[in-house]
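A.B. asks: Contents of coords.cif (mmCIF, C-alpha atoms):
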```cif
data_data
#
loop_
_atom_site.label_atom_id
_atom_site.label_comp_id
_atom_site.auth_asym_id
_atom_site.auth_seq_id
_atom_site.Cartn_x
_atom_site.Cartn_y
_atom_site.Cartn_z
CA MET P 18 3.29 10.02 4.25
CA GLU P 19 2.82 6.27 3.74
CA HIS P 20 -0.97 6.62 3.81
CA TYR P 21 -0.82 9.47 1.28
CA MET P 22 1.29 7.39 -1.10
CA ASN P 23 -0.98 4.34 -0.66
CA ALA P 24 -3.98 6.48 -1.60
CA LEU P 25 -2.17 7.67 -4.72
CA ARG P 26 -1.18 4.11 -5.66
CA SER P 27 -4.80 2.96 -5.45
CA TYR P 28 -6.13 6.15 -7.03
CA ALA P 29 -8.94 4.54 -9.02
CA ASP P 30 -9.79 1.69 -6.65
CA PHE P 31 -13.24 2.48 -5.28
CA SER P 32 -13.65 -0.98 -3.74
CA GLY P 33 -12.53 -2.22 -0.35
CA ARG P 34 -12.16 -0.43 2.94
CA ASN P 35 -9.87 2.28 4.32
CA ARG P 36 -9.10 2.79 8.00
CA ARG P 37 -9.86 6.10 9.68
CA LYS P 38 -6.18 6.92 10.29
CA ALA P 39 -5.25 6.25 6.65
CA TYR P 40 -8.02 8.52 5.38
CA TRP P 41 -7.31 11.44 7.71
CA MET P 42 -3.55 11.23 7.13
CA PHE P 43 -4.27 11.45 3.40
CA VAL P 44 -6.46 14.50 4.03
CA LEU P 45 -3.75 16.10 6.20
CA PHE P 46 -0.97 15.69 3.63
CA ASN P 47 -3.28 16.71 0.81
CA THR P 48 -4.14 19.92 2.69
CA ILE P 49 -0.47 20.67 3.41
CA PHE P 50 0.54 20.17 -0.24
CA SER P 51 -2.43 22.23 -1.40
CA ILE P 52 -1.40 25.13 0.84
CA ILE P 53 2.17 24.90 -0.47
CA CYS P 54 0.90 24.96 -4.07
CA ASN P 55 -1.29 27.97 -3.33
CA VAL P 56 1.59 29.84 -1.69
CA ILE P 57 3.74 29.18 -4.76
CA ASP P 58 0.88 30.33 -6.98
CA GLY P 59 0.52 33.49 -4.90
CA ALA P 60 4.24 34.23 -5.22
CA LEU P 61 4.12 33.69 -8.98
CA GLY P 62 0.81 35.49 -9.45
CA THR P 63 -0.83 32.51 -11.14
CA MET P 64 -3.41 29.87 -10.33
CA PHE P 65 -1.82 27.16 -12.46
CA ILE P 66 0.01 24.95 -9.93
CA GLY P 67 -2.83 24.80 -7.39
CA SER P 68 -5.38 24.08 -10.10
CA ILE P 69 -3.32 21.26 -11.60
CA TYR P 70 -2.70 19.77 -8.15
CA SER P 71 -6.40 19.91 -7.24
CA LEU P 72 -7.41 18.35 -10.54
CA ALA P 73 -4.78 15.61 -10.19
CA LEU P 74 -5.96 14.68 -6.68
CA LEU P 75 -9.70 14.74 -7.43
CA ILE P 76 -10.05 11.03 -8.28
CA PRO P 77 -7.67 9.79 -5.53
CA GLY P 78 -9.57 11.89 -2.98
CA LEU P 79 -12.91 10.51 -4.09
CA SER P 80 -11.64 6.93 -4.02
CA ALA P 81 -10.11 7.35 -0.55
CA GLY P 82 -13.39 8.84 0.68
CA ALA P 83 -15.40 6.00 -0.85
CA ARG P 84 -13.18 3.39 0.80
CA ARG P 85 -13.49 5.23 4.14
CA LEU P 86 -17.28 5.28 3.86
CA HIS P 87 -17.19 1.58 3.00
CA ASP P 88 -15.34 1.01 6.26
CA THR P 89 -18.23 2.58 8.16
CA GLY P 90 -20.74 0.40 6.29
CA ARG P 91 -21.97 3.08 3.87
CA SER P 92 -21.86 3.43 0.13
CA GLY P 93 -19.33 5.76 -1.48
CA TRP P 94 -22.25 7.62 -3.05
CA TRP P 95 -22.73 9.37 0.30
CA GLN P 96 -19.92 11.67 -0.87
CA LEU P 97 -22.53 13.53 -2.88
CA LEU P 98 -23.33 15.25 0.42
CA TRP P 99 -20.31 17.46 -0.29
CA LEU P 100 -22.63 19.22 -2.75
CA VAL P 101 -25.04 20.20 0.05
CA PRO P 102 -23.59 23.25 1.81
CA ILE P 103 -23.02 23.18 5.58
CA ILE P 104 -25.52 20.47 6.62
CA GLY P 105 -24.19 17.93 4.10
CA TRP P 106 -20.60 18.74 5.05
CA ILE P 107 -21.29 18.24 8.75
CA VAL P 108 -23.08 14.93 8.18
CA LEU P 109 -20.32 13.64 5.92
CA ILE P 110 -17.53 14.64 8.33
CA VAL P 111 -19.36 12.78 11.10
CA PHE P 112 -19.65 9.70 8.85
CA LEU P 113 -15.95 9.88 7.93
CA ALA P 114 -14.89 10.26 11.57
CA GLN P 115 -16.82 7.24 12.84
CA ASP P 116 -15.05 4.05 13.85
CA SER P 117 -14.86 1.02 11.58
CA HIS P 118 -17.87 -1.23 11.15
CA GLU P 119 -17.18 -4.35 13.21
CA GLY P 120 -16.33 -7.51 11.33
CA GLU P 121 -16.80 -8.07 7.64
CA ASN P 122 -19.38 -6.02 5.78
CA ASP P 123 -20.56 -5.87 2.15
CA PHE P 124 -17.34 -4.11 1.15
CA GLY P 125 -14.83 -6.61 2.57
CA PRO P 126 -13.05 -7.63 5.75
CA ASN P 127 -12.28 -5.13 8.49
CA PRO P 128 -8.79 -3.70 7.83
CA LYS P 129 -8.34 -3.13 11.56
CA GLU P 130 -8.76 -6.85 12.22
CA LEU P 131 -6.47 -7.74 9.32
CA ALA P 132 -3.71 -5.55 10.78
CA ALA P 133 -4.14 -7.16 14.23
CA GLU P 134 -3.72 -10.73 12.98
CA PRO P 135 -0.22 -12.15 13.45
CA ALA P 136 1.70 -12.88 10.28
CA ALA P 137 1.90 -16.51 9.26
CA VAL P 138 5.40 -17.91 9.26
#
```
Would you mind writing the file out in structure tokens?

C.D. replies:
Amino acid sequence: MEHYMNALRSYADFSGRNRRKAYWMFVLFNTIFSIICNVIDGALGTMFIGSIYSLALLIPGLSAGARRLHDTGRSGWWQLLWLVPIIGWIVLIVFLAQDSHEGENDFGPNPKELAAEPAAV
């Protein structure tokens, strides 16, 4: 849940990098909450709650995806592959599932290495 809340806090921050675990935990919680909203909509016979939730999480989802792609050394514009059915989806899922780009890249320091450094006292 911490990764989900961090993604919501930095909802419009398209810069920096996002670790693989943080991105996929965000996707997991987003999917769970979306299913819950759709079940509530089905019980009420509306599409209001699910639509509002999806619209509210559009920008945070795009920013989390851009930061994840930055972590693999790619531009966030690669998310446009979501618009290409099947082939684009497969390519983008492979990109999002790859490990972090070693060391610092054009988008900042490796968050995996930052987490491994001991805290200064």

A.B. asks: Once the PyMOL selection byres ((chain P and resi 89) around 10) has been applied to the shown file, what residues remain in the selection, as a list in words?

C.D. replies: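 Those residues are Arg34, Asn35, Arg36, Arg37, Arg84, Arg85, Leu86, His87, Asp88, Gly90, Arg91, Ser92, Phe112, Leu113, Ala114, Gln115, Asp116, Ser117, His118, Glu119, Asn122, Phe124 and Asn127 of chain P.
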
A.B. asks: Around (-12.3, 9.9, -6.6), as given in the file, which residues come within 12 Å? Count all atoms listed in the file and list them as a PyMOL selection string.

C.D. replies: chain P and resi 24-25+27-32+71-85+93-94+96-97

A.B. asks: Taking the file as shown, find all residues satisfying the PyMOL selection byres ((chain P and resi 20) around 8) and write them as a ChimeraX atom specification.

C.D. replies: /P:18-19,21-24,39-40,42-43

A.B. asks: Write a file of the selected residues as a compact mmCIF listing (two decimals), in the coordinates of the input, keeping C-alpha atoms.

C.D. replies:
```txt
# COMPACT_ATOMS: atom_id res chain seq x y z
CA MET P 18 3.29 10.02 4.25
CA GLU P 19 2.82 6.27 3.74
CA TYR P 21 -0.82 9.47 1.28
CA MET P 22 1.29 7.39 -1.10
CA ASN P 23 -0.98 4.34 -0.66
CA ALA P 24 -3.98 6.48 -1.60
CA ALA P 39 -5.25 6.25 6.65
CA TYR P 40 -8.02 8.52 5.38
CA MET P 42 -3.55 11.23 7.13
CA PHE P 43 -4.27 11.45 3.40
```

A.B. asks: Please compute the CA of Gly62 (chain P)-CA of Thr48 (chain P) distance, one decimal, in Å.

C.D. replies: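 Distance between the two atoms: 20.4 Å.
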
A.B. asks: If I take CA of Asp58 (chain P) and CA of Val101 (chain P), how far is one from the other in Å, to one decimal?

C.D. replies: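 Computed distance, CA of Asp58 (chain P) to CA of Val101 (chain P), equals 28.7 Å.
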
A.B. asks: Mind telling me what the PyMOL selection byres ((chain P and resi 54) around 10) catches here, as a ChimeraX atom specification?

C.D. replies: /P:48-53,55-60,64-71

A.B. asks: Got time to write the residues from that selection, C-alpha atoms, as a PDB file, in the frame of the given file?

C.D. replies:
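See out.pdb below for the written result:
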```pdb
ATOM      1  CA  THR P  48      -4.140  19.920   2.690  1.00  0.00           C
ATOM      2  CA  ILE P  49      -0.470  20.670   3.410  1.00  0.00           C
ATOM      3  CA  PHE P  50       0.540  20.170  -0.240  1.00  0.00           C
ATOM      4  CA  SER P  51      -2.430  22.230  -1.400  1.00  0.00           C
ATOM      5  CA  ILE P  52      -1.400  25.130   0.840  1.00  0.00           C
ATOM      6  CA  ILE P  53       2.170  24.900  -0.470  1.00  0.00           C
ATOM      7  CA  ASN P  55      -1.290  27.970  -3.330  1.00  0.00           C
ATOM      8  CA  VAL P  56       1.590  29.840  -1.690  1.00  0.00           C
ATOM      9  CA  ILE P  57       3.740  29.180  -4.760  1.00  0.00           C
ATOM     10  CA  ASP P  58       0.880  30.330  -6.980  1.00  0.00           C
ATOM     11  CA  GLY P  59       0.520  33.490  -4.900  1.00  0.00           C
ATOM     12  CA  ALA P  60       4.240  34.230  -5.220  1.00  0.00           C
ATOM     13  CA  MET P  64      -3.410  29.870 -10.330  1.00  0.00           C
ATOM     14  CA  PHE P  65      -1.820  27.160 -12.460  1.00  0.00           C
ATOM     15  CA  ILE P  66       0.010  24.950  -9.930  1.00  0.00           C
ATOM     16  CA  GLY P  67      -2.830  24.800  -7.390  1.00  0.00           C
ATOM     17  CA  SER P  68      -5.380  24.080 -10.100  1.00  0.00           C
ATOM     18  CA  ILE P  69      -3.320  21.260 -11.600  1.00  0.00           C
ATOM     19  CA  TYR P  70      -2.700  19.770  -8.150  1.00  0.00           C
ATOM     20  CA  SER P  71      -6.400  19.910  -7.240  1.00  0.00           C
TER      21      SER P  71
END
```

A.B. asks: Mind giving me the straight-line distance from CA of Thr63 (chain P) to CA of Asn47 (chain P) in Å, one decimal?

C.D. replies: 20.0 Å

A.B. asks: Let me know the centre plus edge lengths, in Å and rounded to one decimal, of a box with edges along x, y and z that contains all listed atoms of region 77-83 of chain P and is padded by 5 Å on every side, as JSON.

C.D. replies:
```
{"center_x": -11.5, "center_y": 8.9, "center_z": -2.4, "size_x": 17.7, "size_y": 15.9, "size_z": 16.2}
```
